[in-house]
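Visitor: Below are the structure tokens for one structure; questions will follow.
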Amino acid sequence: MARAYFDHNATTPPAAEVVEAVARALSEDFGNASSVHHFGQRAKALLDDARTAIGQLIGAEPAEIVFTSGGTESDNLALRGAAEALEATGRRHIITTSIEHEAVLNTVKALAKRGWTATLLPVDATGVVAPASLAAAITRETAILSVMHANNEIGTIQPIADLAAIAHEHGALMHTDAVQSAGKIPVDVRALGVDLLTVSAHKFNGPKGAGALWIRRGTRLVATMTGGKHERNRRGGTENVPGIAGMGVAARLAKNKLATDAPRIAALRDRLEAGILAAVAGTLVNGARDARVPNTSNISFDGVEAESLLIALDLEGFAVSTGSACSSGTLEPSHVLRAMNLPSHRTQNSIRFSLGSGNTEEQVDSLIAKLPGVVSKLRSLVRR
Ligand SMILES: Cc1ncc(COP(=O)(O)O)c(C=O)c1O
């Protein structure tokens, strides 16, 4: 059976050039990048090259980039590292949003257990944070603001530059989780005006287990992974040279292809979305449709349980995702859709379609053709 992958916000297939770079680094450049000898210096050259490539992807200086094991670790380093550095100032208030990834939400919860006060900003019905709600919540006690650039479930893009300006007026640091935007839309740390920015390689056709945190020069941050003096004392541990080399290659490819890939993928996404809305009754798009990364569409299907639809589509050869997590037999509604105040049935009947550079018109048309039959079968089962 021909299978089509529509789950690129979960992870992406590594590009052929990436696979080659990882394999080469594993076999030929196995040195420890901290070693002074030839083997070490070859590994270090790969790290330097990847640092330059990530810098170019996000408009940053290579020296400001710290390699980590991925988005989750970068978010942890940003928030825990900044919190520990700023505790001495007496400020212990952190603001984030109700639609962040768990990597941020659970880190903020951990800080709250350590005596920090946390505020979760609401979003409107389209999934966007209003700068006015930040202006109302921020105080002189606020040390850190963390708002994701693009949301993983609905793809909406937040007004990061406006939010960063408000944070800075109040003397707070600004972090953004750009895991779902880097490689999909232009990301420029200076234009965004942030102090800390997270990226993860496996979301832009790089390998899993490699990521980076950009730390604006002069930003106070305490290492959370204590160990050797790696990464200029900001992250102890021998660098994952193959993963990082692969991330560098992926970053270069993403930057070079952005201008052609983004409109092509947006056109495919729009074709899929329009096709589904026309072919299947009782469907609605969740989240803002303009301020959105080009690859994501989140759609509610009335009278269908998202998990059942996901499984039915998988049997037909289409990989999609739901925002709801299935735990111990009960469906947890998506916290993102709940934060948008969608009616409860819509928080449990929504499917995320996330496209990537490998998708084709044929795949999109075949999914549109299959969906009406699959959905009506599921609806008839529910009605019985
Ligand atoms: C917005 C966002 N932040 C963080 C992460 C975590 O990244 P990683 O899988 O590299 O730990 C993800 C992954 O889904 C994400 O979508």
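Going by the structure tokens order, chains are called A, B, ..., each with residues numbered from 1, while ligands are numbered from 1 in the order shown.
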Do a neighbour search on stretch 296-305 of chain A at 6 Å with only C-alpha atoms, toss out local chain neighbours closer than 4 positions, and write the hits as a VMD selection string.
Guide: chain A and resid 154 to 155 282 to 286 346 349 to 354 379
Visitor: Quick one: contact table of chain A to ligand 1, 9 Å max, nearest atom pair and distance in Å to one decimal per residue, counting only C-alpha atoms and all ligand atoms, chain and number order, as JSON lines?
Guide:
{"residue": "A:Asn9", "atom": "CA", "partner": "ligand 1", "partner_atom_place_in_ligand_line": "16 (O)", "distance": 6.4}
{"residue": "A:Ala10", "atom": "CA", "partner": "ligand 1", "partner_atom_place_in_ligand_line": "14 (O)", "distance": 5.4}
{"residue": "A:Thr11", "atom": "CA", "partner": "ligand 1", "partner_atom_place_in_ligand_line": "14 (O)", "distance": 7.4}
{"residue": "A:Ser69", "atom": "CA", "partner": "ligand 1", "partner_atom_place_in_ligand_line": "10 (O)", "distance": 7.1}
{"residue": "A:Gly70", "atom": "CA", "partner": "ligand 1", "partner_atom_place_in_ligand_line": "10 (O)", "distance": 3.7}
{"residue": "A:Gly71", "atom": "CA", "partner": "ligand 1", "partner_atom_place_in_ligand_line": "7 (O)", "distance": 3.4}
{"residue": "A:Thr72", "atom": "CA", "partner": "ligand 1", "partner_atom_place_in_ligand_line": "11 (O)", "distance": 3.7}
{"residue": "A:Glu73", "atom": "CA", "partner": "ligand 1", "partner_atom_place_in_ligand_line": "11 (O)", "distance": 6.4}
{"residue": "A:Ser74", "atom": "CA", "partner": "ligand 1", "partner_atom_place_in_ligand_line": "11 (O)", "distance": 8.0}
{"residue": "A:Asp75", "atom": "CA", "partner": "ligand 1", "partner_atom_place_in_ligand_line": "4 (C)", "distance": 7.1}
{"residue": "A:Glu100", "atom": "CA", "partner": "ligand 1", "partner_atom_place_in_ligand_line": "1 (C)", "distance": 6.7}
{"residue": "A:His101", "atom": "CA", "partner": "ligand 1", "partner_atom_place_in_ligand_line": "1 (C)", "distance": 5.0}
{"residue": "A:Glu102", "atom": "CA", "partner": "ligand 1", "partner_atom_place_in_ligand_line": "4 (C)", "distance": 7.3}
{"residue": "A:Ala103", "atom": "CA", "partner": "ligand 1", "partner_atom_place_in_ligand_line": "4 (C)", "distance": 5.6}
{"residue": "A:Val104", "atom": "CA", "partner": "ligand 1", "partner_atom_place_in_ligand_line": "3 (N)", "distance": 7.4}
{"residue": "A:Met148", "atom": "CA", "partner": "ligand 1", "partner_atom_place_in_ligand_line": "1 (C)", "distance": 6.6}
{"residue": "A:His149", "atom": "CA", "partner": "ligand 1", "partner_atom_place_in_ligand_line": "1 (C)", "distance": 8.1}
{"residue": "A:Ala150", "atom": "CA", "partner": "ligand 1", "partner_atom_place_in_ligand_line": "1 (C)", "distance": 7.0}
{"residue": "A:Asn151", "atom": "CA", "partner": "ligand 1", "partner_atom_place_in_ligand_line": "1 (C)", "distance": 5.9}
{"residue": "A:Asn152", "atom": "CA", "partner": "ligand 1", "partner_atom_place_in_ligand_line": "16 (O)", "distance": 4.6}
{"residue": "A:Glu153", "atom": "CA", "partner": "ligand 1", "partner_atom_place_in_ligand_line": "16 (O)", "distance": 7.9}
{"residue": "A:Asp177", "atom": "CA", "partner": "ligand 1", "partner_atom_place_in_ligand_line": "3 (N)", "distance": 5.9}
{"residue": "A:Ala178", "atom": "CA", "partner": "ligand 1", "partner_atom_place_in_ligand_line": "1 (C)", "distance": 6.7}
{"residue": "A:Val179", "atom": "CA", "partner": "ligand 1", "partner_atom_place_in_ligand_line": "2 (C)", "distance": 5.0}
{"residue": "A:Gln180", "atom": "CA", "partner": "ligand 1", "partner_atom_place_in_ligand_line": "1 (C)", "distance": 5.4}
{"residue": "A:Ser181", "atom": "CA", "partner": "ligand 1", "partner_atom_place_in_ligand_line": "1 (C)", "distance": 8.5}
{"residue": "A:Thr198", "atom": "CA", "partner": "ligand 1", "partner_atom_place_in_ligand_line": "3 (N)", "distance": 7.9}
{"residue": "A:Val199", "atom": "CA", "partner": "ligand 1", "partner_atom_place_in_ligand_line": "10 (O)", "distance": 7.6}
{"residue": "A:Ser200", "atom": "CA", "partner": "ligand 1", "partner_atom_place_in_ligand_line": "10 (O)", "distance": 4.7}
{"residue": "A:Ala201", "atom": "CA", "partner": "ligand 1", "partner_atom_place_in_ligand_line": "10 (O)", "distance": 6.9}
{"residue": "A:His202", "atom": "CA", "partner": "ligand 1", "partner_atom_place_in_ligand_line": "10 (O)", "distance": 6.6}
{"residue": "A:Lys203", "atom": "CA", "partner": "ligand 1", "partner_atom_place_in_ligand_line": "10 (O)", "distance": 7.5}
{"residue": "A:Lys208", "atom": "CA", "partner": "ligand 1", "partner_atom_place_in_ligand_line": "10 (O)", "distance": 6.8}
{"residue": "A:Gly209", "atom": "CA", "partner": "ligand 1", "partner_atom_place_in_ligand_line": "10 (O)", "distance": 6.5}
{"residue": "A:Ala210", "atom": "CA", "partner": "ligand 1", "partner_atom_place_in_ligand_line": "10 (O)", "distance": 7.0}
{"residue": "A:Gly211", "atom": "CA", "partner": "ligand 1", "partner_atom_place_in_ligand_line": "10 (O)", "distance": 6.3}
Visitor: Which residues are near A:Gly358? Cut-off 10 Å, only C-alpha atoms, ignore same chain within fewer than 5 positions. Put them as a ChimeraX atom specification.
Guide: /A:4-6,8,12-13,15,265,363
Visitor: Could you turn the residues from that selection into a file that holds all heavy atoms, as a PDB file, in the first residue's frame?
Guide:
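The result, written out as result_15.pdb:
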ATOM      1  N   ALA A   4       1.097   7.776   2.808  1.00  0.00           N
ATOM      2  CA  ALA A   4       1.373   9.219   2.711  1.00  0.00           C
ATOM      3  C   ALA A   4       1.497   9.780   4.119  1.00  0.00           C
ATOM      4  O   ALA A   4       0.663   9.505   4.988  1.00  0.00           O
ATOM      5  CB  ALA A   4       0.258   9.913   1.952  1.00  0.00           C
ATOM      6  N   TYR A   5       2.536  10.559   4.333  1.00  0.00           N
ATOM      7  CA  TYR A   5       2.846  11.072   5.669  1.00  0.00           C
ATOM      8  C   TYR A   5       2.367  12.520   5.796  1.00  0.00           C
ATOM      9  O   TYR A   5       2.872  13.406   5.113  1.00  0.00           O
ATOM     10  CB  TYR A   5       4.363  10.979   5.881  1.00  0.00           C
ATOM     11  CG  TYR A   5       4.822  11.304   7.288  1.00  0.00           C
ATOM     12  CD1 TYR A   5       4.617  10.411   8.338  1.00  0.00           C
ATOM     13  CD2 TYR A   5       5.450  12.518   7.555  1.00  0.00           C
ATOM     14  CE1 TYR A   5       5.040  10.712   9.622  1.00  0.00           C
ATOM     15  CE2 TYR A   5       5.875  12.822   8.850  1.00  0.00           C
ATOM     16  CZ  TYR A   5       5.668  11.918   9.866  1.00  0.00           C
ATOM     17  OH  TYR A   5       6.090  12.214  11.139  1.00  0.00           O
ATOM     18  N   PHE A   6       1.377  12.734   6.666  1.00  0.00           N
ATOM     19  CA  PHE A   6       0.847  14.089   6.900  1.00  0.00           C
ATOM     20  C   PHE A   6       1.020  14.456   8.373  1.00  0.00           C
ATOM     21  O   PHE A   6       0.113  14.996   8.989  1.00  0.00           O
ATOM     22  CB  PHE A   6      -0.636  14.155   6.507  1.00  0.00           C
ATOM     23  CG  PHE A   6      -0.882  14.120   5.021  1.00  0.00           C
ATOM     24  CD1 PHE A   6      -1.259  12.941   4.389  1.00  0.00           C
ATOM     25  CD2 PHE A   6      -0.727  15.267   4.249  1.00  0.00           C
ATOM     26  CE1 PHE A   6      -1.487  12.907   3.009  1.00  0.00           C
ATOM     27  CE2 PHE A   6      -0.955  15.255   2.875  1.00  0.00           C
ATOM     28  CZ  PHE A   6      -1.335  14.067   2.257  1.00  0.00           C
ATOM     29  N   HIS A   8       4.076  16.006   9.801  1.00  0.00           N
ATOM     30  CA  HIS A   8       5.404  16.630   9.882  1.00  0.00           C
ATOM     31  C   HIS A   8       5.606  17.500  11.112  1.00  0.00           C
ATOM     32  O   HIS A   8       6.739  17.864  11.407  1.00  0.00           O
ATOM     33  CB  HIS A   8       5.673  17.447   8.616  1.00  0.00           C
ATOM     34  CG  HIS A   8       5.837  16.597   7.384  1.00  0.00           C
ATOM     35  ND1 HIS A   8       4.772  16.073   6.693  1.00  0.00           N
ATOM     36  CD2 HIS A   8       6.955  16.153   6.755  1.00  0.00           C
ATOM     37  CE1 HIS A   8       5.213  15.360   5.669  1.00  0.00           C
ATOM     38  NE2 HIS A   8       6.532  15.382   5.682  1.00  0.00           N
ATOM     39  N   THR A  12       9.900  14.942  11.049  1.00  0.00           N
ATOM     40  CA  THR A  12      10.046  14.972   9.592  1.00  0.00           C
ATOM     41  C   THR A  12      11.068  13.922   9.160  1.00  0.00           C
ATOM     42  O   THR A  12      11.967  13.571   9.932  1.00  0.00           O
ATOM     43  CB  THR A  12      10.562  16.350   9.144  1.00  0.00           C
ATOM     44  OG1 THR A  12      11.774  16.625   9.858  1.00  0.00           O
ATOM     45  CG2 THR A  12       9.558  17.449   9.399  1.00  0.00           C
ATOM     46  N   PRO A  13      10.945  13.432   7.929  1.00  0.00           N
ATOM     47  CA  PRO A  13      11.962  12.482   7.456  1.00  0.00           C
ATOM     48  C   PRO A  13      13.276  13.225   7.199  1.00  0.00           C
ATOM     49  O   PRO A  13      13.256  14.292   6.578  1.00  0.00           O
ATOM     50  CB  PRO A  13      11.376  11.952   6.144  1.00  0.00           C
ATOM     51  CG  PRO A  13      10.391  12.979   5.713  1.00  0.00           C
ATOM     52  CD  PRO A  13       9.899  13.695   6.932  1.00  0.00           C
ATOM     53  N   ALA A  15      16.469  14.552   5.419  1.00  0.00           N
ATOM     54  CA  ALA A  15      16.833  14.682   4.016  1.00  0.00           C
ATOM     55  C   ALA A  15      18.001  13.742   3.710  1.00  0.00           C
ATOM     56  O   ALA A  15      18.786  13.415   4.608  1.00  0.00           O
ATOM     57  CB  ALA A  15      17.244  16.129   3.733  1.00  0.00           C
ATOM     58  N   ILE A 265       4.187  24.248  -0.265  1.00  0.00           N
ATOM     59  CA  ILE A 265       3.530  23.489   0.804  1.00  0.00           C
ATOM     60  C   ILE A 265       2.230  24.174   1.214  1.00  0.00           C
ATOM     61  O   ILE A 265       1.214  23.515   1.466  1.00  0.00           O
ATOM     62  CB  ILE A 265       4.503  23.285   1.986  1.00  0.00           C
ATOM     63  CG1 ILE A 265       5.640  22.350   1.545  1.00  0.00           C
ATOM     64  CG2 ILE A 265       3.786  22.716   3.210  1.00  0.00           C
ATOM     65  CD1 ILE A 265       6.776  22.215   2.535  1.00  0.00           C
ATOM     66  N   GLN A 363      -1.051  12.747  -3.448  1.00  0.00           N
ATOM     67  CA  GLN A 363      -1.323  12.289  -2.073  1.00  0.00           C
ATOM     68  C   GLN A 363      -2.489  13.083  -1.481  1.00  0.00           C
ATOM     69  O   GLN A 363      -3.373  12.526  -0.823  1.00  0.00           O
ATOM     70  CB  GLN A 363      -0.085  12.474  -1.202  1.00  0.00           C
ATOM     71  CG  GLN A 363       1.056  11.529  -1.548  1.00  0.00           C
ATOM     72  CD  GLN A 363       2.284  11.794  -0.695  1.00  0.00           C
ATOM     73  OE1 GLN A 363       2.473  12.883  -0.160  1.00  0.00           O
ATOM     74  NE2 GLN A 363       3.143  10.795  -0.576  1.00  0.00           N
TER      75      GLN A 363
END
Visitor: Looking only at the backbone, which of the residues in stretch 15-247 of chain A does DSSP tag as strand (DSSP E or B), as an MDAnalysis selection string?
Guide: chainID A and resid 65:68 93:97 117:121 142:146 150 156:157 173:177 182 185 196:200 211:215
Visitor: Report as an MDAnalysis selection string all protein, DNA and RNA residues lying within 6 Å of stretch 80-89 of chain A, evaluated on only C-alpha atoms, omitting residues in the same chain fewer than 4 positions from it.
Guide: chainID A and resid 76 220:224
Visitor: Would you please extract all alpha helix (DSSP H) residues from stretch 197-356 of chain A, as assigned by DSSP on the backbone, and give them as a ChimeraX atom specification?
Guide: /A:230-233,241-279,306-315,335-339,344-348
Visitor: If you count only C-alpha atoms, which residues fall within 8 Å of stretch 28-43 of chain A, apart from same-chain ones fewer than 5 positions away, as a ChimeraX atom specification?
Guide: /A:230,238-239,241
Visitor: Could those selected residues go to a file with N, CA and C atoms, as a short mmCIF file (atom, residue, chain, number, x, y, z; two decimals), in the first residue's frame?
Guide:
data_model
loop_
_atom_site.label_atom_id
_atom_site.label_comp_id
_atom_site.auth_asym_id
_atom_site.auth_seq_id
_atom_site.Cartn_x
_atom_site.Cartn_y
_atom_site.Cartn_z
N HIS A 230 31.93 22.41 28.14
CA HIS A 230 31.44 22.41 26.76
C HIS A 230 30.53 23.60 26.51
N THR A 238 29.75 15.87 26.26
CA THR A 238 30.35 15.73 24.93
C THR A 238 29.28 15.95 23.87
N GLU A 239 29.55 16.82 22.93
CA GLU A 239 28.55 17.14 21.91
C GLU A 239 28.26 15.93 21.01
N VAL A 241 28.16 14.96 17.93
CA VAL A 241 28.71 15.49 16.67
C VAL A 241 27.90 15.02 15.44
#
Visitor: I'd like the contact shell of A:Ser376 - 10 Å cut-off, only C-alpha atoms, skipping same-chain residues fewer than 3 positions apart - returned as a list in words.
Guide: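 My reading of the contact set: Val280, Ala281, Gly303, Val304, Leu371, Pro372, Gly373, Arg379, Ser380, Leu381 and Val382 of chain A.
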Visitor: Write a file of the selected residues as a PDB file, in the first residue's frame, keeping N, CA and C atoms.
Guide:
ATOM      1  N   VAL A 280     -16.524  16.913   2.848  1.00  0.00           N
ATOM      2  CA  VAL A 280     -17.060  16.318   4.075  1.00  0.00           C
ATOM      3  C   VAL A 280     -17.905  17.360   4.810  1.00  0.00           C
ATOM      4  N   ALA A 281     -19.194  17.062   4.992  1.00  0.00           N
ATOM      5  CA  ALA A 281     -20.065  17.997   5.718  1.00  0.00           C
ATOM      6  C   ALA A 281     -19.664  17.997   7.192  1.00  0.00           C
ATOM      7  N   GLY A 303     -19.255  14.743  14.963  1.00  0.00           N
ATOM      8  CA  GLY A 303     -19.784  13.388  15.134  1.00  0.00           C
ATOM      9  C   GLY A 303     -18.762  12.284  14.945  1.00  0.00           C
ATOM     10  N   VAL A 304     -17.479  12.623  15.018  1.00  0.00           N
ATOM     11  CA  VAL A 304     -16.434  11.608  14.847  1.00  0.00           C
ATOM     12  C   VAL A 304     -15.421  11.771  15.973  1.00  0.00           C
ATOM     13  N   LEU A 371     -11.489  10.461   2.387  1.00  0.00           N
ATOM     14  CA  LEU A 371     -12.067  10.930   3.646  1.00  0.00           C
ATOM     15  C   LEU A 371     -13.592  10.814   3.765  1.00  0.00           C
ATOM     16  N   PRO A 372     -14.379  11.224   2.737  1.00  0.00           N
ATOM     17  CA  PRO A 372     -15.835  11.187   2.929  1.00  0.00           C
ATOM     18  C   PRO A 372     -16.336   9.794   3.315  1.00  0.00           C
ATOM     19  N   GLY A 373     -15.832   8.772   2.648  1.00  0.00           N
ATOM     20  CA  GLY A 373     -16.271   7.404   2.949  1.00  0.00           C
ATOM     21  C   GLY A 373     -15.879   6.995   4.359  1.00  0.00           C
ATOM     22  N   ARG A 379     -19.310   7.861  11.329  1.00  0.00           N
ATOM     23  CA  ARG A 379     -20.529   8.527  11.826  1.00  0.00           C
ATOM     24  C   ARG A 379     -21.688   7.540  11.961  1.00  0.00           C
ATOM     25  N   SER A 380     -21.768   6.612  11.017  1.00  0.00           N
ATOM     26  CA  SER A 380     -22.897   5.652  11.083  1.00  0.00           C
ATOM     27  C   SER A 380     -22.689   4.713  12.279  1.00  0.00           C
ATOM     28  N   LEU A 381     -21.460   4.410  12.634  1.00  0.00           N
ATOM     29  CA  LEU A 381     -21.198   3.556  13.796  1.00  0.00           C
ATOM     30  C   LEU A 381     -21.626   4.270  15.083  1.00  0.00           C
ATOM     31  N   VAL A 382     -21.326   5.592  15.146  1.00  0.00           N
ATOM     32  CA  VAL A 382     -21.667   6.377  16.344  1.00  0.00           C
ATOM     33  C   VAL A 382     -23.175   6.445  16.511  1.00  0.00           C
TER      34      VAL A 382
END
Visitor: Would you kindly return, as a list in words, each protein, DNA or RNA residue with an atom no farther than 6 Å from any atom of A:Ile94, considering only C-alpha atoms and excluding same-chain residues fewer than 2 positions away?
Guide: Ala118, Thr142, Ala143, Ile144 and Leu145 of chain A
Visitor: Would you compute the distance between atom CA of A:Ser321 and atom CA of A:Ser366? Give it in Å to one decimal.
Guide: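 Straight-line distance from atom CA of A:Ser321 to atom CA of A:Ser366 works out to 17.5 Å.
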Visitor: Report, in Å with one decimal, the straight-line distance from atom CA of A:Val147 to atom CA of A:Asp7.
Guide: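 It comes out at 23.0 Å.
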Visitor: Just give me the gap between atom CA of A:Asp261 and atom CA of A:Ser357 in Å, one decimal is fine.
Guide: 6.6 Å
Visitor: Compare A:Ile65, A:Ala110, A:Val320, A:Ile157 by their minimum atom-to-atom distance to A:Ala306, counting only C-alpha atoms, and give me the closest one.
Guide: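 Checking each of A:Ile65, A:Ala110, A:Val320, A:Ile157 against A:Ala306, counting only C-alpha atoms, the winner is A:Val320.
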